[in-house]
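J.: Structure file start12.txt, compact mmCIF, C-alpha atoms, is pasted below:
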```txt
# COMPACT_ATOMS: atom_id res chain seq x y z
CA MET E 12 -16.05 31.02 18.90
CA LYS E 13 -18.29 32.55 16.25
CA ASP E 14 -15.81 32.23 13.43
CA ILE E 15 -12.56 30.36 13.91
CA LEU E 16 -9.12 31.81 13.20
CA VAL E 17 -6.60 29.07 12.46
CA ILE E 18 -2.89 29.85 12.06
CA GLY E 19 -0.61 27.05 10.95
CA GLY E 20 0.85 24.84 8.29
CA SER E 21 -0.13 23.71 4.82
CA ASN E 22 1.68 20.95 2.96
CA ILE E 23 1.72 19.17 -0.33
CA ASP E 24 1.39 15.56 0.83
CA ILE E 25 2.97 12.65 -1.00
CA LYS E 26 1.88 9.28 0.36
CA ALA E 27 3.54 6.00 -0.54
CA SER E 28 1.84 2.77 0.52
CA SER E 29 3.49 -0.64 0.31
CA LEU E 30 1.35 -3.48 -1.06
CA SER E 31 3.18 -6.06 1.09
CA ASP E 32 5.35 -6.12 4.21
CA LEU E 33 7.83 -3.25 4.14
CA VAL E 34 11.42 -4.28 3.52
CA LEU E 35 13.87 -1.69 4.83
CA HIS E 36 16.83 -0.55 2.70
CA ASP E 37 15.15 -1.95 -0.42
CA SER E 38 12.65 -1.00 -3.10
CA ASN E 39 9.04 -1.86 -2.18
CA ILE E 40 6.17 -2.29 -4.64
CA GLY E 41 3.30 0.04 -3.80
CA THR E 42 1.21 3.06 -4.76
CA PHE E 43 1.68 6.84 -4.64
CA THR E 44 -0.84 9.62 -4.14
CA LEU E 45 -0.45 13.40 -4.05
CA SER E 46 -2.84 15.47 -1.98
CA HIS E 47 -3.17 18.65 0.05
CA GLY E 48 -2.33 18.40 3.73
CA GLY E 49 -0.75 19.95 6.76
CA VAL E 50 -2.23 19.79 10.25
CA SER E 51 -3.93 23.18 10.25
CA ARG E 52 -4.98 22.90 6.61
CA ASN E 53 -6.63 19.55 7.38
CA VAL E 54 -8.33 21.01 10.45
CA VAL E 55 -9.61 23.92 8.37
CA GLU E 56 -11.01 21.66 5.64
CA ASN E 57 -12.78 19.49 8.21
CA LEU E 58 -14.32 22.56 9.86
CA LEU E 59 -15.46 23.96 6.51
CA ARG E 60 -17.06 20.63 5.61
CA LEU E 61 -18.87 20.83 8.97
CA HIS E 62 -20.18 24.25 7.83
CA ASP E 63 -18.19 26.32 10.32
CA ASP E 64 -16.92 29.82 9.47
CA VAL E 65 -13.12 29.72 9.25
CA LEU E 66 -10.29 32.16 8.58
CA PHE E 67 -6.93 30.59 7.82
CA LEU E 68 -3.49 32.19 7.99
CA THR E 69 -0.84 29.92 6.49
CA ALA E 70 2.25 30.16 4.25
CA VAL E 71 2.56 28.72 0.76
CA GLY E 72 4.76 29.36 -2.25
CA LYS E 73 3.80 30.49 -5.74
CA ASP E 74 3.64 27.02 -7.26
CA ALA E 75 0.51 25.87 -9.07
CA GLU E 76 -0.29 23.08 -6.60
CA ALA E 77 -0.30 25.59 -3.73
CA GLU E 78 -2.71 27.80 -5.67
CA ARG E 79 -5.02 24.83 -6.16
CA MET E 80 -4.78 24.03 -2.44
CA MET E 81 -5.74 27.56 -1.42
CA GLN E 82 -8.55 27.73 -3.98
CA GLU E 83 -9.98 24.43 -2.73
CA LEU E 84 -10.48 25.92 0.73
CA LYS E 85 -11.91 29.14 -0.71
CA ASP E 86 -14.39 27.12 -2.76
CA LEU E 87 -15.56 25.52 0.51
CA GLY E 88 -16.23 28.97 1.94
CA GLY E 89 -12.98 29.60 3.82
CA LYS E 90 -11.17 32.92 4.02
CA VAL E 91 -7.55 32.05 3.32
CA TYR E 92 -4.42 34.20 3.44
CA SER E 93 -0.74 33.41 2.88
CA LEU E 94 1.72 35.08 5.25
CA ARG E 95 4.53 34.82 2.70
CA ASP E 96 5.32 33.30 -0.71
CA ASP E 97 9.10 33.73 -0.94
CA GLU E 98 9.87 30.05 -0.27
CA LYS E 99 8.57 26.84 -1.81
CA THR E 100 5.45 25.28 -0.30
CA ALA E 101 6.11 22.75 2.45
CA HIS E 102 6.14 19.11 1.33
CA TYR E 103 5.39 16.05 3.46
CA ILE E 104 6.34 12.55 2.29
CA ALA E 105 4.91 9.59 4.23
CA ILE E 106 5.63 5.87 3.90
CA HIS E 107 2.80 3.56 5.02
CA ASP E 108 2.81 -0.17 5.50
CA LYS E 109 0.29 -2.53 3.93
CA ASP E 110 -2.11 -2.03 6.87
CA GLY E 111 -2.24 1.73 6.38
CA ASP E 112 -0.09 2.62 9.40
CA LEU E 113 2.52 5.34 9.09
CA HIS E 114 6.04 3.87 9.12
CA VAL E 115 8.18 6.96 8.55
CA ALA E 116 7.74 10.49 7.19
CA VAL E 117 9.90 13.42 6.12
CA CYS E 118 8.73 17.04 6.05
CA ASP E 119 10.43 19.93 4.24
CA SER E 120 8.86 23.01 5.84
CA LYS E 121 11.39 25.83 5.53
CA ILE E 122 8.63 28.30 4.60
CA LEU E 123 7.12 27.73 8.07
CA ASP E 124 10.34 27.15 9.99
CA THR E 125 11.61 30.63 9.10
CA LEU E 126 8.41 32.55 9.82
CA GLY E 127 8.85 35.51 12.16
CA GLY E 128 6.86 38.30 13.73
CA GLU E 129 7.30 40.51 10.68
CA HIS E 130 5.13 38.13 8.65
CA PHE E 131 2.21 38.50 11.07
CA ARG E 132 2.22 42.29 11.48
CA PRO E 133 0.29 43.01 8.24
CA TYR E 134 -2.54 40.87 9.71
CA SER E 135 -2.45 42.37 13.21
CA SER E 136 -5.96 43.86 13.06
CA LEU E 137 -7.42 40.53 11.93
CA ILE E 138 -5.62 38.64 14.70
CA GLU E 139 -6.54 41.25 17.32
CA THR E 140 -10.27 40.97 16.60
CA HIS E 141 -10.25 37.18 16.99
CA LYS E 142 -9.84 36.53 20.70
CA GLU E 143 -9.75 32.74 20.22
CA ILE E 144 -6.99 31.38 18.00
CA VAL E 145 -6.10 27.87 16.86
CA LEU E 146 -2.38 27.17 16.40
CA ASP E 147 -0.20 24.24 15.45
CA THR E 148 3.46 23.79 16.26
CA ASN E 149 4.44 23.58 12.62
CA LEU E 150 4.91 27.31 13.16
CA SER E 151 8.44 28.32 14.12
CA LYS E 152 9.27 28.93 17.77
CA GLU E 153 9.85 32.58 16.89
CA SER E 154 6.32 32.80 15.45
CA LEU E 155 4.74 31.08 18.43
CA ASP E 156 6.65 33.25 20.90
CA TYR E 157 5.53 36.34 18.97
CA LEU E 158 1.85 35.39 18.98
CA PHE E 159 1.77 34.46 22.67
CA SER E 160 3.60 37.62 23.72
CA THR E 161 1.77 40.02 21.39
CA TYR E 162 -1.74 38.77 22.19
CA PRO E 163 -1.65 37.82 25.89
CA ASP E 164 -5.40 38.34 26.32
CA HIS E 165 -6.29 35.80 23.61
CA LYS E 166 -7.34 32.19 24.12
CA PHE E 167 -5.08 29.72 22.33
CA TYR E 168 -6.08 26.21 21.25
CA VAL E 169 -2.94 24.33 20.23
CA GLU E 170 -2.21 21.12 18.32
CA GLY E 171 1.11 19.55 19.36
CA VAL E 172 1.89 18.01 15.91
CA SER E 173 5.03 16.01 16.81
CA ALA E 174 7.48 15.28 19.62
CA ASN E 175 10.18 17.37 17.96
CA LYS E 176 7.93 20.39 17.45
CA ILE E 177 5.76 20.42 20.59
CA VAL E 178 8.72 21.63 22.69
CA ARG E 179 8.32 24.99 20.94
CA ILE E 180 5.41 25.77 23.28
CA LYS E 181 7.09 24.60 26.48
CA GLU E 182 7.25 28.14 27.89
CA HIS E 183 3.60 28.89 27.15
CA LEU E 184 1.59 26.20 28.95
CA LYS E 185 -0.04 28.73 31.29
CA GLN E 186 -1.09 30.89 28.33
CA MET E 187 -2.97 28.12 26.52
CA THR E 188 -6.67 27.40 26.89
CA LEU E 189 -6.36 23.89 25.41
CA LEU E 190 -3.56 21.61 24.23
CA LYS E 191 -4.27 18.55 22.10
CA CYS E 192 -1.42 16.09 21.67
CA ASN E 193 -0.64 12.40 21.81
CA ARG E 194 0.94 10.52 24.69
CA MET E 195 4.44 10.48 23.19
CA GLU E 196 4.34 14.22 22.49
CA ALA E 197 3.11 14.97 26.00
CA ASN E 198 5.91 12.95 27.60
CA TYR E 199 8.44 14.67 25.37
CA LEU E 200 7.08 18.11 26.26
CA LEU E 201 7.03 17.45 30.00
CA GLY E 202 10.32 15.56 30.10
CA THR E 203 8.63 12.52 31.66
CA LYS E 204 9.30 8.86 30.89
CA ASP E 205 6.39 6.88 29.45
CA GLN E 206 3.82 8.49 31.74
CA ASP E 207 0.24 7.36 31.12
CA GLY E 208 -2.57 9.73 30.13
CA ARG E 209 -3.85 10.36 33.64
CA GLY E 210 -0.36 11.07 34.98
CA LEU E 211 0.33 13.43 32.09
CA ALA E 212 -2.95 15.26 32.67
CA LYS E 213 -2.11 15.77 36.35
CA GLU E 214 1.34 17.08 35.41
CA PHE E 215 -0.14 19.50 32.86
CA PHE E 216 -2.59 20.86 35.42
CA GLU E 217 0.15 21.32 38.01
CA ARG E 218 2.12 23.32 35.45
CA GLY E 219 -0.79 25.67 34.81
CA LEU E 220 -2.46 24.21 31.72
CA PRO E 221 -6.24 24.28 32.31
CA SER E 222 -7.39 21.81 29.64
CA ALA E 223 -5.79 19.08 27.58
CA VAL E 224 -6.73 16.22 25.28
CA ILE E 225 -4.18 13.39 25.19
CA THR E 226 -4.58 10.62 22.63
CA ASP E 227 -2.94 7.19 22.71
CA GLY E 228 -3.57 5.49 19.38
CA SER E 229 -6.59 3.21 19.63
CA GLU E 230 -6.59 3.44 23.43
CA ALA E 231 -8.85 5.74 25.43
CA VAL E 232 -8.47 9.51 25.10
CA THR E 233 -7.57 11.32 28.33
CA VAL E 234 -9.31 14.66 28.88
CA LEU E 235 -8.27 17.29 31.42
CA GLU E 236 -10.95 19.90 32.07
CA LYS E 237 -10.90 22.34 34.99
CA GLY E 238 -8.80 20.01 37.13
CA LYS E 239 -10.95 16.94 36.47
CA ILE E 240 -9.65 14.01 34.43
CA TYR E 241 -11.82 11.84 32.19
CA SER E 242 -11.11 8.75 30.09
CA ILE E 243 -13.08 8.55 26.84
CA PRO E 244 -13.06 5.12 25.13
CA VAL E 245 -12.22 4.79 21.46
CA LYS E 246 -13.88 2.22 19.21
CA LYS E 247 -11.27 0.13 17.42
CA GLU E 248 -11.87 0.10 13.68
CA GLU E 249 -11.23 -3.24 11.95
CA HIS E 250 -10.87 -1.98 8.39
CA VAL E 251 -8.50 0.99 8.63
CA VAL E 252 -7.68 2.47 5.23
CA SER E 253 -5.26 5.17 6.39
CA THR E 254 -4.28 6.82 9.66
CA ILE E 255 -3.30 10.09 7.95
CA GLY E 256 -5.48 12.95 9.12
CA CYS E 257 -7.30 11.11 11.91
CA GLY E 258 -5.67 13.22 14.63
CA ASP E 259 -6.46 16.38 12.70
CA ALA E 260 -10.09 15.25 12.39
CA LEU E 261 -10.24 14.69 16.15
CA PHE E 262 -8.97 18.21 16.81
CA ALA E 263 -11.40 19.68 14.27
CA GLY E 264 -14.28 17.85 15.93
CA ILE E 265 -13.26 19.24 19.32
CA LEU E 266 -13.11 22.78 17.93
CA HIS E 267 -16.48 22.33 16.21
CA GLY E 268 -18.05 21.26 19.49
CA LEU E 269 -16.51 24.13 21.47
CA CYS E 270 -17.59 26.55 18.75
CA HIS E 271 -21.17 25.38 19.26
CA GLY E 272 -21.03 25.75 23.03
CA TRP E 273 -20.52 22.10 23.96
CA ASP E 274 -18.42 21.12 26.97
CA LEU E 275 -14.99 19.62 26.31
CA VAL E 276 -15.93 15.99 26.99
CA THR E 277 -18.89 16.14 24.59
CA SER E 278 -16.66 17.85 22.01
CA VAL E 279 -14.04 15.11 22.36
CA ARG E 280 -16.67 12.41 21.82
CA PHE E 281 -17.71 14.16 18.61
CA GLY E 282 -14.06 14.46 17.58
CA ILE E 283 -13.56 10.72 18.11
CA ARG E 284 -16.48 10.01 15.79
CA LEU E 285 -14.97 12.30 13.18
CA SER E 286 -11.59 10.61 13.57
CA SER E 287 -13.08 7.11 13.27
CA LEU E 288 -14.74 8.01 9.98
CA THR E 289 -11.46 9.45 8.68
CA LEU E 290 -9.69 6.14 9.37
CA LEU E 291 -12.03 4.55 6.82
CA SER E 292 -11.15 7.07 4.09
CA PRO E 293 -8.12 7.11 1.77
CA PHE E 294 -8.03 10.90 2.16
CA ALA E 295 -6.57 12.97 5.01
CA VAL E 296 -9.98 14.69 5.06
CA ASP E 297 -12.99 12.68 3.94
CA PRO E 298 -14.73 14.88 1.35
CA ASP E 299 -18.09 13.50 2.52
CA ILE E 300 -17.40 13.90 6.26
CA GLY E 301 -20.04 16.60 6.69
CA LYS E 302 -22.78 14.44 5.16
CA LYS E 303 -21.71 11.35 7.09
CA ILE E 304 -21.64 12.96 10.53
CA LEU E 305 -24.21 15.73 10.26
CA GLY E 306 -26.66 13.96 7.98
```
How does the structure come out when it is put into structure tokens?
T.:
Amino acid sequence: MKDILVIGGSNIDIKASSLSDLVLHDSNIGTFTLSHGGVSRNVVENLLRLHDDVLFLTAVGKDAEAERMMQELKDLGGKVYSLRDDEKTAHYIAIHDKDGDLHVAVCDSKILDTLGGEHFRPYSSLIETHKEIVLDTNLSKESLDYLFSTYPDHKFYVEGVSANKIVRIKEHLKQMTLLKCNRMEANYLLGTKDQDGRGLAKEFFERGLPSAVITDGSEAVTVLEKGKIYSIPVKKEEHVVSTIGCGDALFAGILHGLCHGWDLVTSVRFGIRLSSLTLLSPFAVDPDIGKKILG
């Protein structure tokens, strides 16, 4: 990858953090923050802060916060385009406990859920010239089906996002170059019951997926590459500030490594470092991540 084409979601993130143990069905004292997020948007910002060349196709409304979000990426050097603006920008609301762990979240993403092939056709020449494409499953199934069927000679690097959304790519495992997901998402996609990382990797390979990265919280990351399976340890951080964005940072680190010609295992190790630093930041993307990891 010389420059990276990313197609996926952007959100306005609202994060609520309780200052004490969460009490369900009651009002909890805590803090609120508003920020820019979305899996692909976070991946793009990380890549830009690592000084990679990135093009980003997303969908946002006409609201002022969306304009600020797009301009932020442009100011970092990204080329950013909105596929449509006839719906409100997606919003993601997350409730975290006092330790920074996500307890529950709600996402309103109609602008992405109703995307179809007609929204991509004006950008067909741009997509055609980028033979390696990064996707996330925040895109509608119709959009994903369209991209896989219209560009069968492209290499697709996919982020699973969530158990409910990863099933949108179930029919396209053989068409993907790389899938990154967590253990729960992988089990949900494959229809297996609490399979461990190694078992999931074997199942993916048998179903035609050449490479996969399967995370499991603070446990080791399982890597499938060309039929071989590796287990990459993860350092457990003692002072986690927030888990938001750490998976996106991992994926960005992997893409950065692959973009620079590294093998997948080396790229995953770099992604783990990026993710660990993100755990120590209150932001979904640490604004100083480039300085911290590149020097």
J.: Show me, as JSON, the centre and edge lengths in Å to one decimal of the axis-aligned box that covers every listed atom of region 187-195 of chain E with 5 Å on each side.
T.:
```
{"center_x": -1.1, "center_y": 19.3, "center_z": 24.3, "size_x": 21.1, "size_y": 27.6, "size_z": 15.2}
```
J.: Of the candidates E:Ala231, E:Leu59, E:Asp156, E:Lys237, which one gets nearest to Asp299 (chain E) if we count all atoms listed in the file?
T.: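 Using all atoms listed in the file, Asp299 (chain E) sits closest to E:Leu59.
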J.: For CA of Leu189 (chain E) and CA of Leu288 (chain E), determine how far apart the two atoms are, in Å to one decimal place.
T.: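 Value for the CA of Leu189 (chain E)-CA of Leu288 (chain E) distance: 23.7 Å.
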J.: Figure out the distance between CA of His102 (chain E) and CA of Val178 (chain E), please, to one decimal in Å.
T.: 21.7 Å
J.: Please provide the set of residues having any atom within 12 Å of Gly202 (chain E), restricted to only C-alpha atoms, with same-chain residues fewer than 6 positions apart removed, written as a list in words.
T.: Ala174, Ile177, Val178, Lys181, Arg194, Met195, Glu196, Leu211, Glu214 and Phe215 of chain E
J.: Any idea what's packed within 12 Å of Leu66 (chain E), counting all atoms listed in the file, ignoring anything in its chain fewer than 4 positions away? Could you give it as JSON, numbers by chain?
T.: {"E": [12, 13, 14, 15, 16, 17, 18, 19, 51, 52, 54, 55, 56, 58, 59, 81, 84, 85, 87, 88, 89, 90, 91, 92, 93, 134, 137, 138, 140, 141, 143, 144, 145]}
J.: Quick one: distance from CA of Asp124 (chain E) to CA of Tyr162 (chain E) in Å, one decimal?
T.: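 Between CA of Asp124 (chain E) and CA of Tyr162 (chain E) the gap works out to 20.7 Å.
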J.: For a quick check of understanding, using only C-alpha atoms, which of E:Asn57, E:Gln206, E:Thr44, E:Asn22 has the smallest distance to Leu266 (chain E)?
T.: E:Asn57
J.: I'd like to know which of E:Leu94, E:Ala105, E:Val50, E:Val296 is closest to Ser135 (chain E), using all atoms listed in the file.
T.: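 Going through E:Leu94, E:Ala105, E:Val50, E:Val296 one by one, the smallest distance to Ser135 (chain E) is for E:Leu94.
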J.: Env of region 244-249 of chain E: 7 Å cut, atoms = all atoms listed in the file, seq-sep filter 4 positions within chain, self excluded. Answer as a list in words.
T.: Ser229, Glu230, Ala231, Val232 and Ile283 of chain E
J.: May I have the residues within 10 Å of Lys121 (chain E) as a list of chain:residue names, using all atoms listed in the file and disregarding those fewer than 6 positions away in the same chain?
T.: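 Returned residues: E:Glu98, E:Lys99, E:Thr100, E:Ala101, E:His102, E:Ser151.
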J.: Quick one: residues within 9 Å of Pro221 (chain E), all atoms listed in the file, excluding same-chain residues fewer than 4 positions away - as a list in words?
T.: Leu184, Lys185, Met187, Thr188, Leu189, Leu190, Phe215, Phe216, Leu235, Glu236, Lys237 and Gly238 of chain E
J.: Go through E:Ser136, E:Ser28, E:Ser292, E:Thr226 and flag the residue nearest Ser242 (chain E), using all atoms listed in the file for the distances.
T.: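 Answer, going by the shortest atom-to-atom distance: E:Thr226.
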J.: Using all atoms listed in the file, which residue out of E:Leu305, E:Ile265, E:Ile255, E:Met80 lies closest to Thr289 (chain E)?
T.: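 Smallest separation from Thr289 (chain E) among the options: E:Ile255.
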J.: Select, from E:Ser120, E:Ser253, E:Asn53, E:Asn198, the residue with the minimum atom-to-atom distance to Asn149 (chain E), counting only C-alpha atoms.
T.: E:Ser120
